[in-house]
>>> print(open('start-v7.txt').read())   # compact mmCIF, C-alpha atoms
# COMPACT_ATOMS: atom_id res chain seq x y z
CA MET A 1 -1.66 18.97 2.31
CA GLU A 2 1.99 19.91 2.39
CA GLU A 3 4.87 17.90 1.13
CA ARG A 4 8.53 18.56 0.47
CA GLY A 5 11.44 16.50 -0.65
CA GLU A 6 14.55 16.28 -2.74
CA PHE A 7 15.99 13.99 -5.36
CA VAL A 8 19.44 13.89 -6.93
CA ILE A 9 19.42 13.42 -10.68
CA PRO A 10 22.62 12.34 -12.47
CA ALA A 11 22.57 15.13 -15.07
CA HIS A 12 23.52 18.78 -15.43
CA PRO A 13 20.85 21.32 -14.29
CA GLN A 14 20.34 22.56 -17.85
CA GLU A 15 19.59 19.02 -19.09
CA VAL A 16 17.21 18.46 -16.18
CA TRP A 17 15.53 21.78 -16.87
CA ASP A 18 15.09 21.01 -20.57
CA ALA A 19 13.70 17.54 -19.89
CA LEU A 20 11.19 18.87 -17.37
CA GLN A 21 9.68 21.14 -20.04
CA LYS A 22 9.05 18.33 -22.53
CA PRO A 23 5.51 16.89 -22.60
CA ASP A 24 6.68 13.46 -23.81
CA VAL A 25 9.17 13.18 -20.94
CA LEU A 26 6.53 14.17 -18.40
CA LYS A 27 4.06 11.70 -19.87
CA GLU A 28 6.59 8.89 -19.67
CA CYS A 29 7.50 9.64 -16.04
CA ILE A 30 4.09 10.31 -14.49
CA ASP A 31 2.53 7.00 -13.49
CA GLY A 32 -0.79 6.53 -15.30
CA CYS A 33 -0.37 9.59 -17.54
CA GLU A 34 -2.36 9.00 -20.72
CA GLU A 35 -2.03 12.39 -22.36
CA MET A 36 0.26 15.37 -21.92
CA THR A 37 0.15 18.18 -24.43
CA LEU A 38 1.69 21.61 -24.58
CA THR A 39 -1.24 23.97 -25.13
CA GLU A 40 0.79 27.16 -25.09
CA GLU A 41 4.23 28.21 -23.86
CA GLY A 42 4.54 26.98 -20.26
CA MET A 43 1.06 25.44 -20.18
CA PHE A 44 0.21 21.73 -20.33
CA ALA A 45 -3.05 19.82 -20.48
CA CYS A 46 -3.01 16.27 -19.17
CA VAL A 47 -5.07 13.17 -18.47
CA VAL A 48 -3.89 10.88 -15.68
CA ALA A 49 -5.51 7.59 -14.68
CA ILE A 50 -5.02 7.07 -10.98
CA LYS A 51 -5.16 3.67 -9.33
CA VAL A 52 -5.04 3.36 -5.55
CA GLY A 53 -6.03 -0.11 -4.44
CA PRO A 54 -9.61 -0.64 -5.58
CA VAL A 55 -10.06 2.99 -6.58
CA LYS A 56 -9.62 3.95 -10.20
CA ALA A 57 -10.27 7.47 -11.41
CA ARG A 58 -9.31 9.46 -14.46
CA PHE A 59 -8.26 13.03 -13.81
CA THR A 60 -8.04 15.77 -16.43
CA GLY A 61 -5.98 18.76 -15.51
CA THR A 62 -3.78 21.67 -16.41
CA VAL A 63 -0.23 22.39 -15.35
CA LYS A 64 1.14 25.89 -15.66
CA ILE A 65 4.79 26.90 -15.29
CA GLU A 66 5.15 30.25 -13.54
CA ASP A 67 8.11 32.56 -12.82
CA PRO A 68 10.61 30.43 -14.73
CA ASN A 69 14.24 31.18 -13.92
CA PRO A 70 16.15 28.69 -16.12
CA PRO A 71 17.82 26.49 -15.07
CA HIS A 72 17.35 27.30 -11.42
CA SER A 73 13.74 27.46 -10.31
CA TYR A 74 10.08 27.64 -11.25
CA PHE A 75 6.62 27.30 -9.80
CA LEU A 76 4.03 24.79 -11.00
CA ASP A 77 0.35 25.53 -10.71
CA VAL A 78 -1.71 22.36 -11.01
CA SER A 79 -5.43 21.82 -11.05
CA ALA A 80 -7.30 18.61 -11.81
CA ARG A 81 -10.82 17.23 -11.91
CA GLY A 82 -11.72 13.56 -11.55
CA GLY A 83 -15.49 13.48 -11.99
CA ALA A 84 -17.22 11.60 -9.19
CA ALA A 85 -13.91 11.02 -7.42
CA GLY A 86 -13.19 14.68 -6.70
CA PHE A 87 -10.81 17.43 -7.58
CA GLY A 88 -7.47 18.81 -6.54
CA SER A 89 -5.26 21.83 -6.95
CA GLY A 90 -1.82 22.75 -5.79
CA ARG A 91 1.26 24.85 -6.22
CA ALA A 92 4.78 23.51 -6.20
CA GLU A 93 8.08 25.31 -5.99
CA VAL A 94 10.90 23.51 -7.78
CA THR A 95 14.55 24.47 -7.42
CA LEU A 96 17.57 22.95 -9.15
CA THR A 97 21.05 23.12 -7.63
CA GLU A 98 24.24 21.86 -9.20
CA VAL A 99 25.96 19.26 -7.01
CA ALA A 100 28.88 16.86 -7.51
CA GLU A 101 26.53 13.98 -8.52
CA GLY A 102 24.58 16.13 -10.98
CA THR A 103 21.55 18.12 -9.94
CA ARG A 104 19.71 18.29 -6.67
CA LEU A 105 16.04 18.98 -7.20
CA ASN A 106 14.08 20.31 -4.24
CA TYR A 107 10.33 20.59 -4.27
CA GLU A 108 7.77 22.00 -1.93
CA VAL A 109 4.09 21.38 -2.61
CA GLN A 110 1.03 22.89 -1.06
CA GLY A 111 -2.23 21.47 -2.23
CA THR A 112 -5.82 20.77 -1.43
CA ILE A 113 -8.12 18.02 -2.59
CA GLY A 114 -11.88 17.80 -2.31
CA GLY A 115 -14.79 15.57 -3.13
CA LYS A 116 -15.37 11.92 -2.33
CA LEU A 117 -11.74 10.88 -2.58
CA ALA A 118 -10.83 13.47 0.03
CA GLN A 119 -13.59 12.35 2.39
CA ILE A 120 -12.78 8.67 2.41
CA GLY A 121 -9.13 8.73 1.44
CA THR A 122 -7.53 11.17 3.86
CA ARG A 123 -5.42 8.47 5.46
CA LEU A 124 -3.99 7.51 2.05
CA ILE A 125 -3.38 10.80 0.28
CA GLN A 126 0.06 11.49 1.62
CA SER A 127 1.35 7.94 1.06
CA PHE A 128 -0.10 8.00 -2.43
CA SER A 129 1.42 11.35 -3.39
CA ARG A 130 4.80 10.16 -2.12
CA LYS A 131 4.52 7.02 -4.20
CA MET A 132 3.69 9.05 -7.32
CA THR A 133 6.64 11.35 -6.67
CA ARG A 134 9.02 8.46 -6.05
CA THR A 135 7.93 6.76 -9.26
CA PHE A 136 8.31 10.00 -11.21
CA PHE A 137 11.89 10.65 -10.13
CA ASP A 138 12.88 6.99 -10.46
CA ARG A 139 11.75 7.02 -14.07
CA PHE A 140 13.12 10.51 -14.67
CA SER A 141 16.59 9.65 -13.31
CA ARG A 142 16.66 6.48 -15.39
CA ARG A 143 16.96 8.66 -18.50
CA TRP A 144 20.58 9.26 -17.57
CA VAL A 145 21.64 5.92 -16.11
CA GLY A 146 21.82 2.67 -18.05
CA MET B 1 -22.79 2.32 -8.31
CA TYR B 2 -22.07 2.04 -12.02
CA SER B 3 -23.34 -1.04 -13.81
CA PHE B 4 -21.01 -4.00 -14.31
CA ASN B 5 -21.23 -7.69 -15.23
CA PHE B 6 -21.25 -10.00 -12.22
CA ARG B 7 -19.41 -13.18 -13.21
CA ARG B 8 -19.36 -16.14 -10.87
CA ALA B 9 -16.31 -18.36 -11.41
CA SER B 10 -16.72 -22.10 -10.81
CA ASN B 11 -13.00 -22.82 -10.57
CA ILE B 12 -9.66 -21.03 -10.73
CA GLU B 13 -9.10 -21.59 -14.46
CA ASP B 14 -12.57 -20.23 -15.13
CA ALA B 15 -11.86 -17.13 -13.01
CA GLN B 16 -8.61 -16.47 -14.82
CA GLN B 17 -10.16 -16.94 -18.20
CA ILE B 18 -12.92 -14.44 -17.45
CA HIS B 19 -10.30 -12.02 -16.11
CA GLN B 20 -8.13 -12.37 -19.21
CA SER B 21 -10.93 -12.00 -21.70
CA SER B 22 -12.27 -8.83 -20.07
CA SER B 23 -10.79 -5.41 -20.81
CA ASP B 24 -11.23 -4.35 -17.18
CA ALA B 25 -12.01 -7.01 -14.59
CA VAL B 26 -11.59 -7.22 -10.83
CA TYR B 27 -11.83 -10.22 -8.53
CA VAL B 28 -14.13 -10.04 -5.54
CA ALA B 29 -13.38 -12.22 -2.51
CA GLY B 30 -15.20 -10.88 0.56
CA GLY B 31 -15.76 -7.49 -1.04
CA MET B 32 -15.08 -5.51 2.12
CA THR B 33 -13.03 -2.91 0.24
CA LEU B 34 -14.20 -3.38 -3.33
CA ILE B 35 -17.96 -3.12 -2.75
CA PRO B 36 -17.80 0.21 -0.85
CA SER B 37 -15.52 1.56 -3.61
CA LEU B 38 -18.03 0.49 -6.26
CA LYS B 39 -20.91 1.99 -4.30
CA LEU B 40 -19.09 5.31 -4.09
CA ARG B 41 -18.43 5.19 -7.84
CA LEU B 42 -14.70 5.26 -7.21
CA ALA B 43 -14.17 2.30 -9.53
CA ASN B 44 -15.89 1.37 -12.75
CA PRO B 45 -14.86 -2.15 -13.84
CA ASP B 46 -16.59 -3.96 -16.72
CA ASP B 47 -16.57 -7.32 -14.95
CA VAL B 48 -16.57 -8.30 -11.29
CA VAL B 49 -15.42 -11.92 -10.96
CA ASP B 50 -16.72 -13.62 -7.83
CA LEU B 51 -14.35 -16.19 -6.29
CA SER B 52 -16.69 -17.36 -3.52
CA GLN B 53 -18.05 -20.46 -5.29
CA ILE B 54 -14.66 -21.96 -6.08
CA GLU B 55 -14.29 -25.16 -4.09
CA GLY B 56 -11.40 -25.82 -1.77
CA LEU B 57 -10.29 -22.23 -1.29
CA SER B 58 -11.49 -21.75 2.27
CA ALA B 59 -10.17 -24.80 4.14
CA ILE B 60 -7.97 -24.32 7.19
CA SER B 61 -5.70 -27.21 8.17
CA SER B 62 -2.70 -27.88 10.35
CA ASN B 63 0.07 -30.32 9.39
CA ASP B 64 3.73 -30.77 10.22
CA GLY B 65 4.04 -27.51 12.11
CA VAL B 66 2.35 -25.44 9.43
CA VAL B 67 -1.11 -23.88 9.56
CA SER B 68 -2.49 -23.65 6.05
CA VAL B 69 -5.24 -21.06 5.60
CA GLY B 70 -7.29 -21.09 2.40
CA ALA B 71 -7.46 -17.72 0.65
CA MET B 72 -11.24 -17.49 1.00
CA ALA B 73 -11.21 -18.28 4.75
CA ARG B 74 -13.16 -15.56 6.57
CA HIS B 75 -11.54 -13.59 9.39
CA CYS B 76 -14.02 -15.16 11.87
CA GLU B 77 -12.92 -18.64 10.77
CA VAL B 78 -9.25 -17.82 11.35
CA ALA B 79 -10.21 -16.30 14.70
CA ALA B 80 -11.71 -19.65 15.69
CA THR B 81 -8.51 -21.65 15.08
CA SER B 82 -6.20 -22.66 17.91
CA ASP B 83 -2.80 -23.66 16.55
CA ILE B 84 -1.40 -20.13 16.35
CA PRO B 85 -3.17 -18.15 19.09
CA ALA B 86 -1.53 -14.85 17.98
CA LEU B 87 -2.94 -15.28 14.47
CA ALA B 88 -6.41 -16.11 15.81
CA SER B 89 -6.25 -13.11 18.12
CA LEU B 90 -5.22 -10.83 15.24
CA ALA B 91 -8.12 -12.08 13.12
CA SER B 92 -10.57 -11.59 15.98
CA ARG B 93 -9.64 -7.90 16.14
CA ILE B 94 -10.07 -7.03 12.43
CA GLY B 95 -12.84 -4.50 11.75
CA ASP B 96 -16.26 -5.31 13.19
CA ALA B 97 -18.34 -8.52 13.29
CA GLN B 98 -19.81 -7.84 9.84
CA VAL B 99 -16.36 -7.42 8.29
CA ARG B 100 -15.04 -10.53 10.04
CA ASN B 101 -17.95 -12.57 8.70
CA ARG B 102 -17.37 -11.52 5.10
CA GLY B 103 -13.75 -10.43 4.74
CA THR B 104 -11.15 -13.00 3.65
CA ILE B 105 -7.43 -13.40 4.25
CA GLY B 106 -6.70 -13.64 0.51
CA GLY B 107 -8.68 -10.50 -0.24
CA SER B 108 -6.95 -8.57 2.50
CA LEU B 109 -3.48 -9.61 1.36
CA ALA B 110 -4.12 -9.01 -2.35
CA ASN B 111 -5.50 -5.56 -1.54
CA ASN B 112 -2.50 -4.71 0.69
CA ASP B 113 -4.08 -1.78 2.48
CA PRO B 114 -1.30 -0.08 4.49
CA SER B 115 -3.38 -0.41 7.68
CA ALA B 116 -4.52 -4.03 7.25
CA ASP B 117 -3.66 -6.47 10.05
CA TYR B 118 -2.79 -9.65 8.14
CA PRO B 119 0.41 -8.29 6.51
CA ALA B 120 1.96 -8.00 10.00
CA ALA B 121 1.19 -11.69 10.56
CA VAL B 122 2.59 -12.77 7.19
CA LEU B 123 5.87 -10.93 7.87
CA GLY B 124 6.05 -11.59 11.61
CA LEU B 125 5.38 -15.32 11.28
CA GLY B 126 7.34 -15.81 8.05
CA ALA B 127 4.38 -17.10 6.03
CA THR B 128 4.43 -18.24 2.41
CA ILE B 129 1.72 -17.08 0.02
CA HIS B 130 0.64 -19.65 -2.53
CA THR B 131 -1.05 -18.63 -5.76
CA ASN B 132 -2.43 -20.52 -8.72
CA ALA B 133 1.02 -20.15 -10.32
CA ARG B 134 3.70 -20.20 -7.61
CA ALA B 135 4.72 -19.78 -3.98
CA ILE B 136 5.79 -16.30 -2.86
CA ALA B 137 7.80 -15.78 0.33
CA GLY B 138 5.96 -13.36 2.62
CA ASP B 139 9.10 -11.22 2.76
CA ASP B 140 8.86 -10.61 -1.00
CA PHE B 141 5.10 -10.11 -1.22
CA PHE B 142 4.42 -6.54 -0.05
CA VAL B 143 5.89 -4.06 -2.52
CA ASP B 144 4.39 -0.64 -1.88
CA LEU B 145 1.10 1.11 -1.15
CA PHE B 146 -1.65 -1.29 -2.38
CA GLU B 147 1.02 -2.99 -4.47
CA THR B 148 2.03 -6.65 -4.15
CA ALA B 149 4.17 -9.17 -6.00
CA LEU B 150 1.00 -10.60 -7.59
CA GLU B 151 0.86 -10.47 -11.38
CA ASP B 152 -2.25 -9.13 -13.06
CA GLY B 153 -4.92 -11.83 -12.80
CA GLU B 154 -2.95 -14.04 -10.38
CA ILE B 155 -5.05 -15.56 -7.59
CA ILE B 156 -3.95 -16.36 -4.03
CA THR B 157 -5.00 -19.88 -3.12
CA ARG B 158 -3.67 -20.29 0.43
CA VAL B 159 -1.30 -18.90 3.01
CA ASP B 160 1.03 -21.21 4.95
CA PHE B 161 2.02 -20.04 8.44
CA PRO B 162 4.80 -21.99 10.18
CA ILE B 163 3.75 -22.46 13.82
CA PRO B 164 6.03 -20.24 15.92
CA LYS B 165 7.44 -21.18 19.33
CA ARG B 166 5.52 -18.19 20.62
CA ALA B 167 4.08 -15.02 19.11
CA ALA B 168 1.94 -12.03 20.00
CA TYR B 169 0.25 -9.21 18.09
CA ALA B 170 -0.36 -5.78 19.61
CA LYS B 171 -2.19 -3.04 17.80
CA PHE B 172 -3.24 0.52 18.37
CA ALA B 173 -6.58 0.50 16.57
CA ASN B 174 -8.47 3.37 15.06
CA GLN B 175 -11.53 3.55 17.29
CA ALA B 176 -14.04 3.88 14.46
CA SER B 177 -12.75 1.45 11.83
CA LYS B 178 -10.50 -0.77 13.99
CA TYR B 179 -7.86 -0.41 11.30
CA ALA B 180 -4.34 -0.60 12.69
CA VAL B 181 -2.91 2.88 13.22
CA VAL B 182 0.10 0.72 14.07
CA GLY B 183 0.17 -3.04 14.62
CA VAL B 184 3.20 -5.16 15.51
CA MET B 185 3.58 -8.95 15.40
CA VAL B 186 6.54 -10.29 17.39
CA ALA B 187 7.36 -13.96 16.98
CA GLU B 188 10.01 -16.40 18.12
CA THR B 189 10.26 -18.85 15.23
CA ASP B 190 12.54 -21.70 14.24
CA ALA B 191 14.21 -19.21 11.92
CA GLY B 192 14.82 -16.67 14.69
CA VAL B 193 12.96 -13.65 16.05
CA ARG B 194 10.75 -11.81 13.58
CA VAL B 195 9.01 -8.46 13.91
CA GLY B 196 6.33 -7.45 11.40
CA VAL B 197 4.93 -3.91 11.45
CA THR B 198 1.76 -2.69 9.74
CA GLY B 199 -0.04 0.67 9.64
CA ALA B 200 3.13 2.73 9.97
CA ALA B 201 4.38 3.06 6.40
CA ALA B 202 3.16 2.66 2.79
CA CYS B 203 3.05 -1.10 3.35
CA ALA B 204 3.98 -3.57 6.08
CA PHE B 205 7.66 -4.21 6.76
CA ARG B 206 10.03 -6.13 9.04
CA LEU B 207 11.92 -4.16 11.65
CA THR B 208 15.36 -5.77 11.69
CA SER B 209 16.79 -3.48 14.39
CA PHE B 210 14.12 -4.79 16.79
CA GLU B 211 14.65 -8.38 15.62
CA GLU B 212 18.36 -8.18 16.45
CA ALA B 213 17.77 -6.62 19.85
CA LEU B 214 15.10 -9.17 20.77
CA SER B 215 17.25 -12.08 19.53
CA ALA B 216 19.86 -11.08 22.09
CA ASN B 217 17.37 -10.35 24.85
CA MET B 218 13.65 -11.10 24.54
CA SER B 219 12.41 -8.38 26.85
CA ALA B 220 10.63 -5.07 26.38
CA SER B 221 13.58 -3.17 27.83
CA ALA B 222 15.79 -4.49 25.01
CA LEU B 223 13.97 -2.05 22.73
CA ASP B 224 14.81 1.00 24.84
CA GLY B 225 16.90 3.53 23.00
CA ILE B 226 16.50 1.97 19.54
CA ASP B 227 15.66 4.76 17.15
CA VAL B 228 12.77 4.03 14.77
CA ASP B 229 13.20 6.08 11.59
CA SER B 230 9.77 7.57 10.98
CA SER B 231 10.73 9.93 8.15
CA ASP B 232 8.83 7.83 5.57
CA PHE B 233 5.93 6.94 7.86
CA ASN B 234 2.32 7.79 7.10
CA SER B 235 0.93 11.04 8.37
CA ASP B 236 -2.81 11.71 8.36
CA LEU B 237 -5.57 13.09 10.53
CA HIS B 238 -5.36 10.04 12.80
CA ALA B 239 -1.66 10.21 13.64
CA SER B 240 1.48 12.03 12.56
CA ALA B 241 4.53 10.17 11.29
CA ALA B 242 6.42 10.86 14.52
CA TYR B 243 3.51 9.57 16.61
CA ARG B 244 3.38 6.40 14.52
CA GLY B 245 7.15 6.03 15.07
CA SER B 246 6.60 6.17 18.79
CA LEU B 247 3.68 3.72 18.57
CA VAL B 248 5.88 1.14 16.81
CA THR B 249 8.06 0.89 19.91
CA VAL B 250 5.11 0.93 22.31
CA MET B 251 3.23 -1.79 20.40
CA ALA B 252 6.35 -3.93 20.00
CA LYS B 253 6.94 -3.73 23.76
CA GLN B 254 3.33 -4.70 24.45
CA ALA B 255 3.68 -7.69 22.16
CA VAL B 256 6.92 -8.78 23.88
CA GLU B 257 5.23 -8.46 27.27
CA GLN B 258 2.34 -10.65 26.06
CA LEU B 259 4.89 -13.26 24.96
CA ALA B 260 6.27 -13.46 28.48
CA ALA B 261 2.83 -13.58 30.10
>>> encode(input="start-v7.txt", output="structure tokens")
Amino acid sequence: MEERGEFVIPAHPQEVWDALQKPDVLKECIDGCEEMTLTEEGMFACVVAIKVGPVKARFTGTVKIEDPNPPHSYFLDVSARGGAAGFGSGRAEVTLTEVAEGTRLNYEVQGTIGGKLAQIGTRLIQSFSRKMTRTFFDRFSRRWVG
Amino acid sequence: MYSFNFRRASNIEDAQQIHQSSSDAVYVAGGMTLIPSLKLRLANPDDVVDLSQIEGLSAISSNDGVVSVGAMARHCEVAATSDIPALASLASRIGDAQVRNRGTIGGSLANNDPSADYPAAVLGLGATIHTNARAIAGDDFFVDLFETALEDGEIITRVDFPIPKRAAYAKFANQASKYAVVGVMVAETDAGVRVGVTGAAACAFRLTSFEEALSANMSASALDGIDVDSSDFNSDLHASAAYRGSLVTVMAKQAVEQLAA
């Protein structure tokens, strides 16, 4: 699976950078996120309950920030397990660029998923990941607009 | 399958009460999506609330230019109706015979699968979805992937379809599942031309650029040269986003040609 996109956030790159490192901000913005804790510098553990139509699964995972270049770019290494539903892992490159409206965030994700969800849900994975991303940046941007 | 409590509701209030008092309940109508998910252990609800024994939810009637379809009406029952041939034809092409004998219109709409057929009919024909609490315009019902305007615990009771002057549904079906890779309902209604598209994006939508072109000239050639923005379309092993974009035009043209026939 490959996915790329960009969002414009109405805040300065440094503010965006700082917010993206905070577990409570991430928890608030990720749909279904039940736990997000900083286990060590640049390393998070999380629990996310995913709901896609009739499917409900709870994933536990780790997120690791690599090659940080504040406030310009970093890589995210993500891996998650969802019991009977399956598992997933991926790597995302995130870059922040200052623009007139604030910050343009570009992301590029490469990931794989396996298990039952992957077998029966192939036609839904991309739409679902887009929806999650959209929700994340909607909530994230709302931090800076009334 | 994980274990769960099977609760049979005798009326709508009963169903809602069971739903409210449970920490994690789901309604089952025909069960064509829910049961396979349960069998694969992809859902683990405490209570499954069966709506099939509630009286008066499956009637189909036609009055004053409106076809009223009860939420628990099976696809095969809608396929056997005659007042809106395009709707009957759509229902006759859902899934396979087993699915059409069990699956219900209310279940399909509440689930809002991006490839389901009925959403194209609701948008294309300008239907109104009635629930135990209110009436929701079809245009406001489909929100996002598997997401609708229904509140938690709200139950669809019937769907009212205004009878169009003429309408046709064309779909490019997945050969195994018969799900719509892309399906398009084109209708000439009292409120103007409507085009409902399913299968292409996260949920069904109306294509206003096609509606405008067809209002001016109801012919397939009127759609030539209209760009369909496929940047947000679904892309999977069955079809890329660009291919789905192309199919939207092809299916819309087929539907327009059926109207003229």
>>> residues_around(input="start-v7.txt", residues="Leu237 of chain B", least_positions_apart="4", cutoff="12 Å", atoms="all atoms listed in the file", output="MDAnalysis selection string")
(chainID A and resid 1 118:126) or (chainID B and resid 174 181 241 243:244)
>>> atom_distance(input="start-v7.txt", atom1="atom CA of Glu147 of chain B", atom2="atom CA of Ala85 of chain A")
20.7 Å
>>> atom_distance(input="start-v7.txt", atom1="atom CA of Arg41 of chain B", atom2="atom CA of Thr60 of chain A")
17.1 Å
>>> closest_atom_pairs(input="start-v7.txt", of="chain B", to="chain A", cutoff="6 Å", atoms="only C-alpha atoms", output="JSON lines")
{"residue": "B:Leu34", "atom": "CA", "partner": "A:Pro54", "partner_atom": "CA", "distance": 5.8}
{"residue": "B:Leu42", "atom": "CA", "partner": "A:Val55", "partner_atom": "CA", "distance": 5.2}
{"residue": "B:Ala43", "atom": "CA", "partner": "A:Lys56", "partner_atom": "CA", "distance": 4.9}
{"residue": "B:Phe146", "atom": "CA", "partner": "A:Gly53", "partner_atom": "CA", "distance": 5.0}
{"residue": "B:Ala202", "atom": "CA", "partner": "A:Ser127", "partner_atom": "CA", "distance": 5.8}
{"residue": "B:Asp236", "atom": "CA", "partner": "A:Arg123", "partner_atom": "CA", "distance": 5.1}
>>> residues_around(input="start-v7.txt", residues="segment 26-39 of chain A", least_positions_apart="4", cutoff="7 Å", atoms="all atoms listed in the file", output="list in words")
Leu20, Lys22, Met43, Phe44, Ala45, Cys46, Val47, Val48, Ala49, Ile50, Met132, Thr135, Phe136, Arg139 and Phe140 of chain A
>>> atom_distance(input="start-v7.txt", atom1="atom CA of Ala201 of chain B", atom2="atom CA of Ser129 of chain A")
13.2 Å
>>> residues_around(input="start-v7.txt", residues="segment 123-135 of chain B", least_positions_apart="2", cutoff="8 Å", atoms="all atoms listed in the file", output="mmCIF file with C-alpha atoms, in the coordinates of the input")
data_model
loop_
_atom_site.group_PDB
_atom_site.id
_atom_site.type_symbol
_atom_site.label_atom_id
_atom_site.label_comp_id
_atom_site.auth_asym_id
_atom_site.auth_seq_id
_atom_site.Cartn_x
_atom_site.Cartn_y
_atom_site.Cartn_z
ATOM 1 C CA ILE B 12 -9.660 -21.030 -10.730
ATOM 2 C CA PRO B 119 0.410 -8.290 6.510
ATOM 3 C CA ALA B 120 1.960 -8.000 10.000
ATOM 4 C CA ALA B 121 1.190 -11.690 10.560
ATOM 5 C CA ALA B 137 7.800 -15.780 0.330
ATOM 6 C CA GLY B 138 5.960 -13.360 2.620
ATOM 7 C CA ASP B 139 9.100 -11.220 2.760
ATOM 8 C CA PHE B 141 5.100 -10.110 -1.220
ATOM 9 C CA GLU B 154 -2.950 -14.040 -10.380
ATOM 10 C CA ILE B 155 -5.050 -15.560 -7.590
ATOM 11 C CA ILE B 156 -3.950 -16.360 -4.030
ATOM 12 C CA THR B 157 -5.000 -19.880 -3.120
ATOM 13 C CA ARG B 158 -3.670 -20.290 0.430
ATOM 14 C CA VAL B 159 -1.300 -18.900 3.010
ATOM 15 C CA ASP B 160 1.030 -21.210 4.950
ATOM 16 C CA PHE B 161 2.020 -20.040 8.440
ATOM 17 C CA PRO B 162 4.800 -21.990 10.180
ATOM 18 C CA ILE B 163 3.750 -22.460 13.820
ATOM 19 C CA PRO B 164 6.030 -20.240 15.920
ATOM 20 C CA ALA B 167 4.080 -15.020 19.110
ATOM 21 C CA MET B 185 3.580 -8.950 15.400
ATOM 22 C CA VAL B 186 6.540 -10.290 17.390
ATOM 23 C CA ALA B 187 7.360 -13.960 16.980
ATOM 24 C CA THR B 189 10.260 -18.850 15.230
ATOM 25 C CA ARG B 194 10.750 -11.810 13.580
ATOM 26 C CA VAL B 195 9.010 -8.460 13.910
ATOM 27 C CA GLY B 196 6.330 -7.450 11.400
ATOM 28 C CA VAL B 197 4.930 -3.910 11.450
ATOM 29 C CA ALA B 204 3.980 -3.570 6.080
ATOM 30 C CA PHE B 205 7.660 -4.210 6.760
ATOM 31 C CA ARG B 206 10.030 -6.130 9.040
#
>>> residues_around(input="start-v7.txt", residues="Phe75 of chain A", least_positions_apart="2", cutoff="8 Å", atoms="only C-alpha atoms", output="list in words")
Ile65, Glu66, Asp67, Pro68, Ser73, Asp77, Arg91, Ala92, Glu93 and Val94 of chain A
>>> write_last_selection(input="start-v7.txt", atoms="C-alpha atoms", output="PDB file, in the coordinates of the input")
ATOM      1  CA  ILE A  65       4.790  26.900 -15.290  1.00  0.00           C
ATOM      2  CA  GLU A  66       5.150  30.250 -13.540  1.00  0.00           C
ATOM      3  CA  ASP A  67       8.110  32.560 -12.820  1.00  0.00           C
ATOM      4  CA  PRO A  68      10.610  30.430 -14.730  1.00  0.00           C
ATOM      5  CA  SER A  73      13.740  27.460 -10.310  1.00  0.00           C
ATOM      6  CA  ASP A  77       0.350  25.530 -10.710  1.00  0.00           C
ATOM      7  CA  ARG A  91       1.260  24.850  -6.220  1.00  0.00           C
ATOM      8  CA  ALA A  92       4.780  23.510  -6.200  1.00  0.00           C
ATOM      9  CA  GLU A  93       8.080  25.310  -5.990  1.00  0.00           C
ATOM     10  CA  VAL A  94      10.900  23.510  -7.780  1.00  0.00           C
TER      11      VAL A  94
END
>>> residues_around(input="start-v7.txt", residues="Ser82 of chain B", least_positions_apart="5", cutoff="12 Å", atoms="only C-alpha atoms", output="list in words")
Ile60, Ser61, Ser62, Val67, Glu77, Leu87, Ala88, Ser89, Ala91 and Ile163 of chain B
>>> residues_near_point(input="start-v7.txt", point="(11.8, 23.0, -20.4)", cutoff="10 Å", atoms="only C-alpha atoms", output="list in words")
Gln14, Glu15, Val16, Trp17, Asp18, Ala19, Leu20, Gln21, Lys22, Pro23, Glu41, Gly42, Ile65, Pro68, Pro70 and Pro71 of chain A
>>> write_last_selection(input="start-v7.txt", atoms="C-alpha atoms", output="short mmCIF file (atom, residue, chain, number, x, y, z; two decimals), in the coordinates of the input")
data_model
loop_
_atom_site.label_atom_id
_atom_site.label_comp_id
_atom_site.auth_asym_id
_atom_site.auth_seq_id
_atom_site.Cartn_x
_atom_site.Cartn_y
_atom_site.Cartn_z
CA GLN A 14 20.34 22.56 -17.85
CA GLU A 15 19.59 19.02 -19.09
CA VAL A 16 17.21 18.46 -16.18
CA TRP A 17 15.53 21.78 -16.87
CA ASP A 18 15.09 21.01 -20.57
CA ALA A 19 13.70 17.54 -19.89
CA LEU A 20 11.19 18.87 -17.37
CA GLN A 21 9.68 21.14 -20.04
CA LYS A 22 9.05 18.33 -22.53
CA PRO A 23 5.51 16.89 -22.60
CA GLU A 41 4.23 28.21 -23.86
CA GLY A 42 4.54 26.98 -20.26
CA ILE A 65 4.79 26.90 -15.29
CA PRO A 68 10.61 30.43 -14.73
CA PRO A 70 16.15 28.69 -16.12
CA PRO A 71 17.82 26.49 -15.07
#
